[in-house]
$ cat protein.cif   # mmCIF, C-alpha atoms and all ligand atoms
data_start
loop_
_atom_site.group_PDB
_atom_site.id
_atom_site.type_symbol
_atom_site.label_atom_id
_atom_site.label_comp_id
_atom_site.auth_asym_id
_atom_site.auth_seq_id
_atom_site.Cartn_x
_atom_site.Cartn_y
_atom_site.Cartn_z
ATOM 1 C CA MET V 219 -59.373 -67.978 64.380
ATOM 2 C CA MET V 220 -60.160 -70.733 66.929
ATOM 3 C CA ILE V 221 -57.814 -73.714 66.772
ATOM 4 C CA ASP V 222 -59.289 -76.820 68.383
ATOM 5 C CA ALA V 223 -59.130 -80.619 68.174
ATOM 6 C CA ASP V 224 -61.004 -80.651 64.849
ATOM 7 C CA THR V 225 -58.824 -78.091 63.046
ATOM 8 C CA ARG V 226 -57.589 -79.455 59.698
ATOM 9 C CA LEU V 227 -54.047 -78.658 58.682
ATOM 10 C CA TYR V 228 -53.080 -77.346 55.219
ATOM 11 C CA GLY V 229 -49.623 -76.251 54.196
ATOM 12 C CA LEU V 230 -47.133 -74.936 51.707
ATOM 13 C CA PHE V 231 -44.220 -77.181 50.707
ATOM 14 C CA GLY V 232 -41.274 -75.404 49.121
ATOM 15 C CA ASN V 233 -37.846 -73.969 49.711
ATOM 16 C CA PRO V 234 -37.539 -71.128 50.527
ATOM 17 C CA VAL V 235 -41.032 -70.207 51.779
ATOM 18 C CA GLY V 236 -40.167 -67.377 54.172
ATOM 19 C CA HIS V 237 -41.652 -64.591 52.075
ATOM 20 C CA SER V 238 -44.705 -66.452 50.833
ATOM 21 C CA LEU V 239 -48.030 -64.613 50.923
ATOM 22 C CA SER V 240 -49.977 -67.886 50.705
ATOM 23 C CA PRO V 241 -50.439 -68.427 54.473
ATOM 24 C CA ALA V 242 -51.956 -64.949 54.957
ATOM 25 C CA MET V 243 -54.195 -65.413 51.924
ATOM 26 C CA HIS V 244 -55.473 -68.930 52.701
ATOM 27 C CA ASN V 245 -55.977 -68.359 56.437
ATOM 28 C CA ALA V 246 -58.017 -65.224 55.690
ATOM 29 C CA ALA V 247 -60.127 -67.262 53.243
ATOM 30 C CA PHE V 248 -60.694 -70.094 55.770
ATOM 31 C CA LYS V 249 -61.763 -67.548 58.379
ATOM 32 C CA GLU V 250 -64.096 -65.745 55.981
ATOM 33 C CA LYS V 251 -65.798 -69.013 55.012
ATOM 34 C CA GLU V 252 -65.829 -70.266 58.652
ATOM 35 C CA ILE V 253 -63.798 -73.347 57.802
ATOM 36 C CA ASN V 254 -62.014 -74.943 60.732
ATOM 37 C CA ALA V 255 -58.590 -75.135 59.127
ATOM 38 C CA ALA V 256 -55.113 -73.632 59.427
ATOM 39 C CA TYR V 257 -52.456 -73.153 56.744
ATOM 40 C CA LEU V 258 -48.737 -73.087 57.553
ATOM 41 C CA ALA V 259 -45.586 -72.730 55.458
ATOM 42 C CA PHE V 260 -43.046 -75.566 55.540
ATOM 43 C CA GLY V 261 -39.605 -75.016 54.045
ATOM 44 C CA LEU V 262 -38.314 -78.477 53.194
ATOM 45 C CA GLU V 263 -35.891 -80.416 51.049
ATOM 46 C CA ASP V 264 -37.446 -83.863 50.861
ATOM 47 C CA ALA V 265 -40.768 -83.900 48.993
ATOM 48 C CA GLN V 266 -41.301 -87.626 49.545
ATOM 49 C CA ALA V 267 -40.959 -87.212 53.317
ATOM 50 C CA ALA V 268 -43.371 -84.252 53.201
ATOM 51 C CA LEU V 269 -46.008 -86.405 51.504
ATOM 52 C CA ALA V 270 -45.496 -89.177 54.068
ATOM 53 C CA ALA V 271 -46.017 -86.576 56.812
ATOM 54 C CA MET V 272 -49.122 -85.345 55.018
ATOM 55 C CA ARG V 273 -50.583 -88.853 55.182
ATOM 56 C CA THR V 274 -49.522 -89.400 58.811
ATOM 57 C CA LEU V 275 -51.008 -86.091 59.953
ATOM 58 C CA ASN V 276 -54.056 -86.463 57.696
ATOM 59 C CA MET V 277 -53.539 -82.979 56.294
ATOM 60 C CA GLY V 278 -56.382 -81.683 54.139
ATOM 61 C CA GLY V 279 -54.183 -80.445 51.333
ATOM 62 C CA ALA V 280 -51.058 -78.586 50.360
ATOM 63 C CA SER V 281 -49.667 -76.027 47.963
ATOM 64 C CA VAL V 282 -46.396 -77.001 46.324
ATOM 65 C CA THR V 283 -43.867 -74.486 45.114
ATOM 66 C CA ILE V 284 -40.303 -74.278 43.826
ATOM 67 C CA PRO V 285 -38.331 -76.579 43.836
ATOM 68 C CA HIS V 286 -40.822 -79.421 44.444
ATOM 69 C CA LYS V 287 -43.496 -79.017 41.734
ATOM 70 C CA THR V 288 -42.110 -81.911 39.720
ATOM 71 C CA ASP V 289 -40.548 -84.206 42.308
ATOM 72 C CA VAL V 290 -43.774 -84.554 44.365
ATOM 73 C CA MET V 291 -45.502 -86.169 41.398
ATOM 74 C CA ALA V 292 -43.907 -89.599 41.789
ATOM 75 C CA HIS V 293 -45.228 -89.905 45.358
ATOM 76 C CA LEU V 294 -48.890 -89.010 44.771
ATOM 77 C CA ASP V 295 -51.696 -91.569 44.387
ATOM 78 C CA GLU V 296 -53.121 -89.782 41.371
ATOM 79 C CA VAL V 297 -52.206 -86.835 39.145
ATOM 80 C CA ASP V 298 -54.837 -84.861 37.246
ATOM 81 C CA GLU V 299 -54.465 -85.165 33.465
ATOM 82 C CA MET V 300 -53.558 -81.524 32.790
ATOM 83 C CA ALA V 301 -50.964 -81.479 35.608
ATOM 84 C CA ALA V 302 -49.477 -84.683 34.198
ATOM 85 C CA ARG V 303 -49.194 -83.149 30.720
ATOM 86 C CA ILE V 304 -47.611 -79.990 32.127
ATOM 87 C CA GLY V 305 -45.311 -82.089 34.292
ATOM 88 C CA ALA V 306 -45.858 -80.005 37.433
ATOM 89 C CA VAL V 307 -48.160 -80.123 40.453
ATOM 90 C CA ASN V 308 -48.741 -77.063 42.630
ATOM 91 C CA THR V 309 -51.763 -78.360 44.555
ATOM 92 C CA ILE V 310 -52.395 -81.557 46.524
ATOM 93 C CA VAL V 311 -55.843 -82.578 47.719
ATOM 94 C CA ASN V 312 -56.304 -85.317 50.325
ATOM 95 C CA ARG V 313 -59.361 -87.232 49.118
ATOM 96 C CA ARG V 314 -60.146 -89.722 51.922
ATOM 97 C CA GLY V 315 -56.516 -90.685 52.269
ATOM 98 C CA ARG V 316 -55.672 -90.530 48.550
ATOM 99 C CA LEU V 317 -53.311 -87.718 47.636
ATOM 100 C CA VAL V 318 -54.286 -86.210 44.292
ATOM 101 C CA GLY V 319 -52.181 -83.621 42.434
ATOM 102 C CA PHE V 320 -53.419 -80.693 40.320
ATOM 103 C CA ASN V 321 -51.914 -77.690 38.563
ATOM 104 C CA THR V 322 -53.802 -74.512 39.416
ATOM 105 C CA ASP V 323 -51.086 -72.231 37.977
ATOM 106 C CA VAL V 324 -52.710 -72.959 34.648
ATOM 107 C CA THR V 325 -56.209 -72.324 36.045
ATOM 108 C CA GLY V 326 -55.039 -69.062 37.642
ATOM 109 C CA ALA V 327 -53.526 -67.772 34.421
ATOM 110 C CA MET V 328 -56.550 -68.760 32.355
ATOM 111 C CA ARG V 329 -58.949 -67.122 34.828
ATOM 112 C CA ALA V 330 -56.993 -63.871 34.594
ATOM 113 C CA LEU V 331 -56.968 -64.024 30.772
ATOM 114 C CA ASN V 332 -60.647 -64.993 30.560
ATOM 115 C CA ALA V 333 -61.570 -61.936 32.599
ATOM 116 C CA CYS V 334 -60.082 -59.886 29.719
ATOM 117 C CA GLY V 335 -61.725 -61.643 26.804
ATOM 118 C CA GLY V 336 -59.825 -64.954 26.737
ATOM 119 C CA VAL V 337 -57.309 -66.192 24.158
ATOM 120 C CA LYS V 338 -59.303 -68.479 21.868
ATOM 121 C CA GLY V 339 -58.311 -67.829 18.273
ATOM 122 C CA LYS V 340 -55.921 -65.057 19.333
ATOM 123 C CA ARG V 341 -52.226 -64.762 18.570
ATOM 124 C CA VAL V 342 -50.485 -65.150 21.940
ATOM 125 C CA LEU V 343 -46.791 -64.485 22.471
ATOM 126 C CA VAL V 344 -45.394 -66.172 25.588
ATOM 127 C CA ILE V 345 -42.000 -64.840 26.711
ATOM 128 C CA GLY V 346 -40.002 -67.527 28.510
ATOM 129 C CA ALA V 347 -39.845 -71.316 28.421
ATOM 130 C CA GLY V 348 -39.453 -72.283 32.089
ATOM 131 C CA GLY V 349 -41.949 -73.857 34.487
ATOM 132 C CA ALA V 350 -44.366 -70.922 34.569
ATOM 133 C CA ALA V 351 -44.285 -70.571 30.767
ATOM 134 C CA ARG V 352 -45.023 -74.257 30.421
ATOM 135 C CA ALA V 353 -48.198 -74.136 32.532
ATOM 136 C CA ILE V 354 -49.464 -71.021 30.743
ATOM 137 C CA ALA V 355 -48.574 -72.329 27.280
ATOM 138 C CA PHE V 356 -50.460 -75.593 27.885
ATOM 139 C CA GLY V 357 -53.527 -73.641 29.021
ATOM 140 C CA ILE V 358 -53.449 -71.401 25.950
ATOM 141 C CA SER V 359 -52.946 -74.305 23.590
ATOM 142 C CA GLU V 360 -55.831 -76.232 25.182
ATOM 143 C CA VAL V 361 -58.361 -73.453 24.515
ATOM 144 C CA GLY V 362 -57.191 -72.888 20.954
ATOM 145 C CA GLY V 363 -54.904 -69.862 21.157
ATOM 146 C CA GLU V 364 -52.387 -69.402 18.343
ATOM 147 C CA LEU V 365 -49.222 -69.769 20.391
ATOM 148 C CA VAL V 366 -45.765 -68.290 19.795
ATOM 149 C CA ILE V 367 -42.993 -68.905 22.330
ATOM 150 C CA ALA V 368 -39.955 -66.620 22.580
ATOM 151 C CA ASN V 369 -37.080 -67.343 24.902
ATOM 152 C CA ARG V 370 -33.544 -66.109 25.557
ATOM 153 C CA THR V 371 -32.288 -69.667 25.079
ATOM 154 C CA GLU V 372 -33.897 -70.494 21.749
ATOM 155 C CA LYS V 373 -33.494 -74.260 22.159
ATOM 156 C CA ARG V 374 -35.855 -74.279 25.177
ATOM 157 C CA ALA V 375 -38.450 -72.290 23.219
ATOM 158 C CA GLU V 376 -38.130 -74.756 20.372
ATOM 159 C CA SER V 377 -38.622 -77.778 22.575
ATOM 160 C CA LEU V 378 -41.734 -76.378 24.326
ATOM 161 C CA ALA V 379 -43.166 -75.168 21.012
ATOM 162 C CA HIS V 380 -42.598 -78.602 19.518
ATOM 163 C CA GLU V 381 -44.643 -80.286 22.264
ATOM 164 C CA LEU V 382 -47.564 -77.915 21.683
ATOM 165 C CA PHE V 383 -47.449 -77.618 17.886
ATOM 166 C CA ALA V 384 -46.635 -73.931 18.406
ATOM 167 C CA THR V 385 -44.071 -71.681 16.737
ATOM 168 C CA PHE V 386 -41.018 -70.159 18.399
ATOM 169 C CA GLN V 387 -38.600 -67.245 18.081
ATOM 170 C CA PRO V 388 -35.434 -66.135 19.838
ATOM 171 C CA LEU V 389 -36.287 -63.438 22.399
ATOM 172 C CA LYS V 390 -33.718 -61.060 20.936
ATOM 173 C CA GLY V 391 -35.422 -59.152 18.177
ATOM 174 C CA VAL V 392 -38.789 -60.868 18.703
ATOM 175 C CA SER V 393 -41.544 -59.403 16.563
ATOM 176 C CA LEU V 394 -44.601 -57.977 18.324
ATOM 177 C CA LYS V 395 -46.464 -57.438 15.075
ATOM 178 C CA GLY V 396 -49.993 -58.835 15.094
ATOM 179 C CA VAL V 397 -49.693 -60.069 18.682
ATOM 180 C CA ASP V 398 -53.077 -59.937 20.432
ATOM 181 C CA VAL V 399 -51.820 -61.068 23.831
ATOM 182 C CA LEU V 400 -48.276 -60.820 25.218
ATOM 183 C CA ILE V 401 -47.371 -62.659 28.426
ATOM 184 C CA ASN V 402 -44.094 -62.296 30.312
ATOM 185 C CA THR V 403 -43.313 -65.441 32.327
ATOM 186 C CA THR V 404 -39.652 -64.602 32.988
ATOM 187 C CA SER V 405 -38.206 -62.863 36.017
ATOM 188 C CA VAL V 406 -37.137 -59.869 33.899
ATOM 189 C CA GLY V 407 -38.334 -56.683 35.638
ATOM 190 C CA MET V 408 -38.445 -58.212 39.102
ATOM 191 C CA THR V 409 -36.928 -56.292 42.029
ATOM 192 C CA PRO V 410 -34.142 -55.135 42.035
ATOM 193 C CA HIS V 411 -33.991 -54.941 38.208
ATOM 194 C CA ILE V 412 -37.158 -52.884 37.994
ATOM 195 C CA ASP V 413 -36.146 -50.879 34.928
ATOM 196 C CA GLU V 414 -35.787 -53.927 32.696
ATOM 197 C CA ALA V 415 -38.427 -55.189 30.274
ATOM 198 C CA PRO V 416 -38.264 -58.444 28.284
ATOM 199 C CA VAL V 417 -39.192 -56.788 24.959
ATOM 200 C CA ALA V 418 -38.648 -53.435 23.261
ATOM 201 C CA LEU V 419 -41.526 -51.316 24.548
ATOM 202 C CA SER V 420 -41.394 -49.034 21.524
ATOM 203 C CA GLU V 421 -42.771 -51.916 19.462
ATOM 204 C CA LEU V 422 -45.952 -52.333 21.517
ATOM 205 C CA SER V 423 -49.297 -51.586 19.888
ATOM 206 C CA SER V 424 -52.275 -50.366 21.918
ATOM 207 C CA GLU V 425 -54.275 -53.348 20.587
ATOM 208 C CA THR V 426 -52.150 -55.839 22.547
ATOM 209 C CA LEU V 427 -53.299 -57.176 25.934
ATOM 210 C CA VAL V 428 -50.158 -57.346 28.087
ATOM 211 C CA MET V 429 -49.827 -59.684 31.077
ATOM 212 C CA ASP V 430 -46.892 -59.995 33.465
ATOM 213 C CA ILE V 431 -46.570 -62.746 36.055
ATOM 214 C CA VAL V 432 -44.032 -60.714 38.062
ATOM 215 C CA TYR V 433 -45.808 -59.115 41.050
ATOM 216 C CA ASN V 434 -42.811 -57.591 42.764
ATOM 217 C CA PRO V 435 -43.090 -54.748 41.775
ATOM 218 C CA LEU V 436 -46.771 -54.811 40.878
ATOM 219 C CA GLU V 437 -46.293 -52.271 38.092
ATOM 220 C CA THR V 438 -43.317 -53.633 36.148
ATOM 221 C CA ALA V 439 -41.531 -51.619 33.469
ATOM 222 C CA LEU V 440 -43.351 -53.811 30.917
ATOM 223 C CA LEU V 441 -46.783 -53.006 32.344
ATOM 224 C CA SER V 442 -46.151 -49.288 32.799
ATOM 225 C CA GLY V 443 -44.788 -49.082 29.243
ATOM 226 C CA ALA V 444 -47.829 -50.962 27.971
ATOM 227 C CA ARG V 445 -50.207 -48.691 29.853
ATOM 228 C CA ALA V 446 -48.454 -45.610 28.481
ATOM 229 C CA VAL V 447 -49.204 -46.887 24.966
ATOM 230 C CA GLY V 448 -52.828 -47.533 25.897
ATOM 231 C CA CYS V 449 -52.744 -51.345 26.232
ATOM 232 C CA GLU V 450 -55.025 -53.259 28.555
ATOM 233 C CA THR V 451 -52.864 -54.996 31.197
ATOM 234 C CA ILE V 452 -53.009 -57.869 33.697
ATOM 235 C CA ASP V 453 -50.611 -57.737 36.649
ATOM 236 C CA GLY V 454 -48.874 -60.619 38.416
ATOM 237 C CA VAL V 455 -51.248 -60.597 41.376
ATOM 238 C CA ALA V 456 -54.072 -61.783 39.113
ATOM 239 C CA MET V 457 -52.385 -65.119 38.360
ATOM 240 C CA PHE V 458 -51.064 -65.520 41.901
ATOM 241 C CA VAL V 459 -54.504 -64.976 43.455
ATOM 242 C CA GLY V 460 -56.160 -67.001 40.677
ATOM 243 C CA GLN V 461 -54.071 -70.099 41.428
ATOM 244 C CA ALA V 462 -54.872 -69.769 45.148
ATOM 245 C CA VAL V 463 -58.600 -69.301 44.484
ATOM 246 C CA ALA V 464 -58.590 -72.532 42.472
ATOM 247 C CA GLN V 465 -56.687 -74.322 45.269
ATOM 248 C CA PHE V 466 -59.170 -73.183 47.884
ATOM 249 C CA GLU V 467 -62.065 -74.407 45.750
ATOM 250 C CA LEU V 468 -60.428 -77.809 45.225
ATOM 251 C CA TRP V 469 -59.823 -78.189 48.961
ATOM 252 C CA THR V 470 -63.192 -76.989 50.243
ATOM 253 C CA GLY V 471 -65.679 -77.380 47.389
ATOM 254 C CA LEU V 472 -66.786 -73.814 48.190
ATOM 255 C CA GLU V 473 -66.497 -70.642 46.171
ATOM 256 C CA ALA V 474 -63.347 -68.837 47.305
ATOM 257 C CA PRO V 475 -63.536 -65.241 48.600
ATOM 258 C CA GLY V 476 -61.372 -63.994 45.719
ATOM 259 C CA ALA V 477 -61.715 -60.259 46.406
ATOM 260 C CA LEU V 478 -60.657 -60.760 50.020
ATOM 261 C CA MET V 479 -57.685 -62.929 48.999
ATOM 262 C CA GLN V 480 -56.600 -60.280 46.518
ATOM 263 C CA SER V 481 -56.854 -57.512 49.116
ATOM 264 C CA VAL V 482 -54.726 -59.542 51.579
ATOM 265 C CA VAL V 483 -52.009 -59.847 48.931
ATOM 266 C CA MET V 484 -52.191 -56.177 47.932
ATOM 267 C CA ARG V 485 -51.938 -55.092 51.575
ATOM 268 C CA SER V 486 -48.879 -57.300 52.182
ATOM 269 C CA LEU V 487 -47.185 -56.078 49.014
ATOM 270 C CA LYS V 488 -47.719 -52.440 50.020
ATOM 271 C CA ARG V 489 -46.411 -53.136 53.537
ATOM 272 C CA ASN V 490 -43.267 -54.843 52.200
ATOM 273 C CA ARG V 491 -42.481 -52.154 49.654
HETATM 274 P P1 LIG H 1 -39.927 -70.544 36.301
HETATM 275 O O1 LIG H 1 -40.245 -71.915 36.789
HETATM 276 O O2 LIG H 1 -40.240 -69.460 37.290
HETATM 277 O O3 LIG H 1 -40.517 -70.257 34.958
HETATM 278 P P2 LIG H 1 -37.322 -71.167 35.204
HETATM 279 O O4 LIG H 1 -37.768 -72.531 34.853
HETATM 280 O O5 LIG H 1 -35.965 -70.997 35.830
HETATM 281 O O6 LIG H 1 -38.318 -70.455 36.215
HETATM 282 O O7 LIG H 1 -37.416 -70.250 33.899
HETATM 283 C C1 LIG H 1 -37.022 -68.932 33.899
HETATM 284 C C2 LIG H 1 -37.348 -68.315 32.537
HETATM 285 O O8 LIG H 1 -36.980 -66.926 32.582
HETATM 286 C C3 LIG H 1 -36.571 -68.917 31.385
HETATM 287 O O9 LIG H 1 -37.352 -68.836 30.210
HETATM 288 C C4 LIG H 1 -35.366 -67.989 31.301
HETATM 289 O O10 LIG H 1 -34.728 -67.984 30.035
HETATM 290 P P3 LIG H 1 -33.589 -69.078 29.680
HETATM 291 O O11 LIG H 1 -34.299 -70.335 29.312
HETATM 292 O O12 LIG H 1 -32.844 -68.477 28.554
HETATM 293 O O13 LIG H 1 -32.756 -69.219 30.920
HETATM 294 C C5 LIG H 1 -36.019 -66.670 31.556
HETATM 295 N N1 LIG H 1 -35.086 -65.645 32.032
HETATM 296 C C6 LIG H 1 -34.551 -65.504 33.270
HETATM 297 N N2 LIG H 1 -33.761 -64.423 33.336
HETATM 298 C C7 LIG H 1 -33.794 -63.842 32.097
HETATM 299 C C8 LIG H 1 -33.188 -62.669 31.516
HETATM 300 N N3 LIG H 1 -32.367 -61.867 32.229
HETATM 301 N N4 LIG H 1 -33.473 -62.390 30.220
HETATM 302 C C9 LIG H 1 -34.287 -63.174 29.492
HETATM 303 N N5 LIG H 1 -34.884 -64.283 29.983
HETATM 304 C C10 LIG H 1 -34.650 -64.618 31.262
#
$ encode --input "protein.cif" --output "C-alpha cells"
Amino acid sequence: MMIDADTRLYGLFGNPVGHSLSPAMHNAAFKEKEINAAYLAFGLEDAQAALAAMRTLNMGGASVTIPHKTDVMAHLDEVDEMAARIGAVNTIVNRRGRLVGFNTDVTGAMRALNACGGVKGKRVLVIGAGGAARAIAFGISEVGGELVIANRTEKRAESLAHELFATFQPLKGVSLKGVDVLINTTSVGMTPHIDEAPVALSELSSETLVMDIVYNPLETALLSGARAVGCETIDGVAMFVGQAVAQFELWTGLEAPGALMQSVVMRSLKRNR
C-alpha cells in the first residue's frame, strides 16, 4: 500500500486493542478497493480527547470498541437513531467535519442471521444481557422476532426484556423448547474455558439455528454440540466480519470485499491458534 500526502487516516479506539484483527481486515479492504487510506489501532483512555484528535487530524472515520462504545456518544455531532436506542456506537463517520455515530454490531448480527433465513416471526432466545446482547436484541425486535432473553443475572434480563416488550428467563434451567434461533452473546466457551457451553446441549433440537458470537475458538462447545445434533450454525466470525463490512460501506460508500475480509480474519485466527 502506498502512503502519500493524500492518504486518509482511519482508526480503532479502544482499550486494549493489541489483539484486534480490525487493522488487518480494513487495510486489506482499502487495498482491494484501491482506496487511499490507512487504518491503525489506538489504545486510549479518553474518548473525548480521541474525538478531538479525530477532528484535528481530519480522520475519515473510526471503529469504537470496549470500553468506549457508550462514552463517545456525548461528544459526537449526531448519533444514528438505532445506535441511540441501543445506547452504543461502534462506528464513527466523518461527514465533512461532522462526526456521526452508528452501531454496525446490530447490522453485522442481522446480516449473519438474514443469510440463514432471518428471524421475522421466529422465536429467538438470546443468552446474555450485556452490550452485545443489547445490540442483537434491538435488531431482532425491530424486524419482528419473538424475543426471549435469558441471563445469569435475571434482573439484567428483565430490564432489557422490559425495554423491548420481550420475555425473560433465568439462564439456569432455561427452556429450549420451541426455540427457532438461539444466540449466545456471553463469553461462555471463550478460550481458555473452551469446554463450557451456556446451555445444556442435550436439550438442543436439530430444528434450532444456533449462533455464537464467540470467535475464539471458532468452533465453540456450543456450536460443535449443535452441529452434532444436526443444527444449522453461525460462528462468531460472521458477526465480526459483518460489522466491519457495514463500517467499510459507511466510510466509503462502496460495497465491501466481504469474502476477502473474512479470509483475512480466518487466516489470523489460524495463525494465532
Ligand atoms: P458484552 O458487552 O461483551 O456483552 P458485558 O456487558 O460484560 O459484555 O456482558 C457480559 C454478558 O455475559 C452478561 O450477560 C453476563 O451475565 P451477567 O449479567 O450475569 O454478568 C454474561 N456472562 C459472562 N460470564 C458468564 C458466565 N460464566 N456464565 C453465564 N453468563 C456469563
$ residues_near_ligand --input "protein.cif" --ligand "ligand LIG 1 (chain H)" --cutoff "7 Å" --atoms "all atoms listed in the file" --output "list in words"
Gly346, Ala347, Gly348, Gly349, Ala350, Ala351, Asn369, Arg370, Thr371, Arg374, Thr403, Thr404, Ser405, Val406 and Pro416 of chain V
$ atom_distance --input "protein.cif" --atom1 "CA of Leu382 in chain V" --atom2 "CA of Val361 in chain V"
12.0 Å
$ atom_distance --input "protein.cif" --atom1 "CA of Gln266 in chain V" --atom2 "CA of Phe466 in chain V"
23.0 Å
$ resolve_selection --input "protein.cif" --expression "the PyMOL selection byres (((chain V and resi 305-317) around 10) and not hetatm)" --output "PyMOL selection string"
chain V and resi 228-231+269+272-274+276-284+286-291+293-304+318-324+349-350+352-353+461-462+464-466+468-470
$ write_last_selection --input "protein.cif" --atoms "C-alpha atoms" --output "PDB file, keeping the file's coordinate frame"
ATOM      1  CA  TYR V 228     -53.080 -77.346  55.219  1.00  0.00           C
ATOM      2  CA  GLY V 229     -49.623 -76.251  54.196  1.00  0.00           C
ATOM      3  CA  LEU V 230     -47.133 -74.936  51.707  1.00  0.00           C
ATOM      4  CA  PHE V 231     -44.220 -77.181  50.707  1.00  0.00           C
ATOM      5  CA  LEU V 269     -46.008 -86.405  51.504  1.00  0.00           C
ATOM      6  CA  MET V 272     -49.122 -85.345  55.018  1.00  0.00           C
ATOM      7  CA  ARG V 273     -50.583 -88.853  55.182  1.00  0.00           C
ATOM      8  CA  THR V 274     -49.522 -89.400  58.811  1.00  0.00           C
ATOM      9  CA  ASN V 276     -54.056 -86.463  57.696  1.00  0.00           C
ATOM     10  CA  MET V 277     -53.539 -82.979  56.294  1.00  0.00           C
ATOM     11  CA  GLY V 278     -56.382 -81.683  54.139  1.00  0.00           C
ATOM     12  CA  GLY V 279     -54.183 -80.445  51.333  1.00  0.00           C
ATOM     13  CA  ALA V 280     -51.058 -78.586  50.360  1.00  0.00           C
ATOM     14  CA  SER V 281     -49.667 -76.027  47.963  1.00  0.00           C
ATOM     15  CA  VAL V 282     -46.396 -77.001  46.324  1.00  0.00           C
ATOM     16  CA  THR V 283     -43.867 -74.486  45.114  1.00  0.00           C
ATOM     17  CA  ILE V 284     -40.303 -74.278  43.826  1.00  0.00           C
ATOM     18  CA  HIS V 286     -40.822 -79.421  44.444  1.00  0.00           C
ATOM     19  CA  LYS V 287     -43.496 -79.017  41.734  1.00  0.00           C
ATOM     20  CA  THR V 288     -42.110 -81.911  39.720  1.00  0.00           C
ATOM     21  CA  ASP V 289     -40.548 -84.206  42.308  1.00  0.00           C
ATOM     22  CA  VAL V 290     -43.774 -84.554  44.365  1.00  0.00           C
ATOM     23  CA  MET V 291     -45.502 -86.169  41.398  1.00  0.00           C
ATOM     24  CA  HIS V 293     -45.228 -89.905  45.358  1.00  0.00           C
ATOM     25  CA  LEU V 294     -48.890 -89.010  44.771  1.00  0.00           C
ATOM     26  CA  ASP V 295     -51.696 -91.569  44.387  1.00  0.00           C
ATOM     27  CA  GLU V 296     -53.121 -89.782  41.371  1.00  0.00           C
ATOM     28  CA  VAL V 297     -52.206 -86.835  39.145  1.00  0.00           C
ATOM     29  CA  ASP V 298     -54.837 -84.861  37.246  1.00  0.00           C
ATOM     30  CA  GLU V 299     -54.465 -85.165  33.465  1.00  0.00           C
ATOM     31  CA  MET V 300     -53.558 -81.524  32.790  1.00  0.00           C
ATOM     32  CA  ALA V 301     -50.964 -81.479  35.608  1.00  0.00           C
ATOM     33  CA  ALA V 302     -49.477 -84.683  34.198  1.00  0.00           C
ATOM     34  CA  ARG V 303     -49.194 -83.149  30.720  1.00  0.00           C
ATOM     35  CA  ILE V 304     -47.611 -79.990  32.127  1.00  0.00           C
ATOM     36  CA  VAL V 318     -54.286 -86.210  44.292  1.00  0.00           C
ATOM     37  CA  GLY V 319     -52.181 -83.621  42.434  1.00  0.00           C
ATOM     38  CA  PHE V 320     -53.419 -80.693  40.320  1.00  0.00           C
ATOM     39  CA  ASN V 321     -51.914 -77.690  38.563  1.00  0.00           C
ATOM     40  CA  THR V 322     -53.802 -74.512  39.416  1.00  0.00           C
ATOM     41  CA  ASP V 323     -51.086 -72.231  37.977  1.00  0.00           C
ATOM     42  CA  VAL V 324     -52.710 -72.959  34.648  1.00  0.00           C
ATOM     43  CA  GLY V 349     -41.949 -73.857  34.487  1.00  0.00           C
ATOM     44  CA  ALA V 350     -44.366 -70.922  34.569  1.00  0.00           C
ATOM     45  CA  ARG V 352     -45.023 -74.257  30.421  1.00  0.00           C
ATOM     46  CA  ALA V 353     -48.198 -74.136  32.532  1.00  0.00           C
ATOM     47  CA  GLN V 461     -54.071 -70.099  41.428  1.00  0.00           C
ATOM     48  CA  ALA V 462     -54.872 -69.769  45.148  1.00  0.00           C
ATOM     49  CA  ALA V 464     -58.590 -72.532  42.472  1.00  0.00           C
ATOM     50  CA  GLN V 465     -56.687 -74.322  45.269  1.00  0.00           C
ATOM     51  CA  PHE V 466     -59.170 -73.183  47.884  1.00  0.00           C
ATOM     52  CA  LEU V 468     -60.428 -77.809  45.225  1.00  0.00           C
ATOM     53  CA  TRP V 469     -59.823 -78.189  48.961  1.00  0.00           C
ATOM     54  CA  THR V 470     -63.192 -76.989  50.243  1.00  0.00           C
TER      55      THR V 470
END
$ closest_residue --input "protein.cif" --among "V:Lys251, V:Ala368, V:Arg485, V:Ser377" --to "Gly391 in chain V" --atoms "all atoms listed in the file"
V:Ala368
$ residues_around --input "protein.cif" --residues "range 426-438 of chain V" --least-positions-apart "2" --cutoff "6 Å" --atoms "only C-alpha atoms" --output "PyMOL selection string"
chain V and resi 398-403+407-408+423-424+440-441+449-455
$ resolve_selection --input "protein.cif" --expression "the PyMOL selection byres (((chain V and resi 233) around 7) and not hetatm)" --output "number ranges by chain"
V: 232, 234-235, 261-263, 284-285
$ atom_distance --input "protein.cif" --atom1 "CA of Glu250 in chain V" --atom2 "CA of Leu478 in chain V"
8.5 Å
$ closest_residue --input "protein.cif" --among "V:Asp413, V:Ala444, V:Leu258, V:Ile221" --to "Ser238 in chain V" --atoms "all atoms listed in the file"
V:Leu258
$ residues_near_point --input "protein.cif" --point "(-55.3, -69.3, 58.5)" --cutoff "9 Å" --atoms "all atoms listed in the file" --output "list in words"
Met219, Tyr228, Pro241, Ala242, Met243, His244, Asn245, Ala246, Ala247, Phe248, Lys249, Ala255, Ala256, Tyr257 and Leu258 of chain V
$ closest_residue --input "protein.cif" --among "V:Cys334, V:Ala456, V:Gly396, V:Leu343" --to "Ala477 in chain V" --atoms "all atoms listed in the file"
V:Ala456
$ axis_aligned_box --input "protein.cif" --around "range 282-294 of chain V" --padding-each-side "3 Å" --output "AutoDock Vina command-line options"
--center_x -43.6 --center_y -82.1 --center_z 43.0 --size_x 16.6 --size_y 21.6 --size_z 12.6
$ residues_around --input "protein.cif" --residues "Ile367 in chain V" --least-positions-apart "6" --cutoff "9 Å" --atoms "all atoms listed in the file" --output "NGL selection string"
:V and (342-347 or 351 or 355 or 375-376 or 378-379 or 384-389)
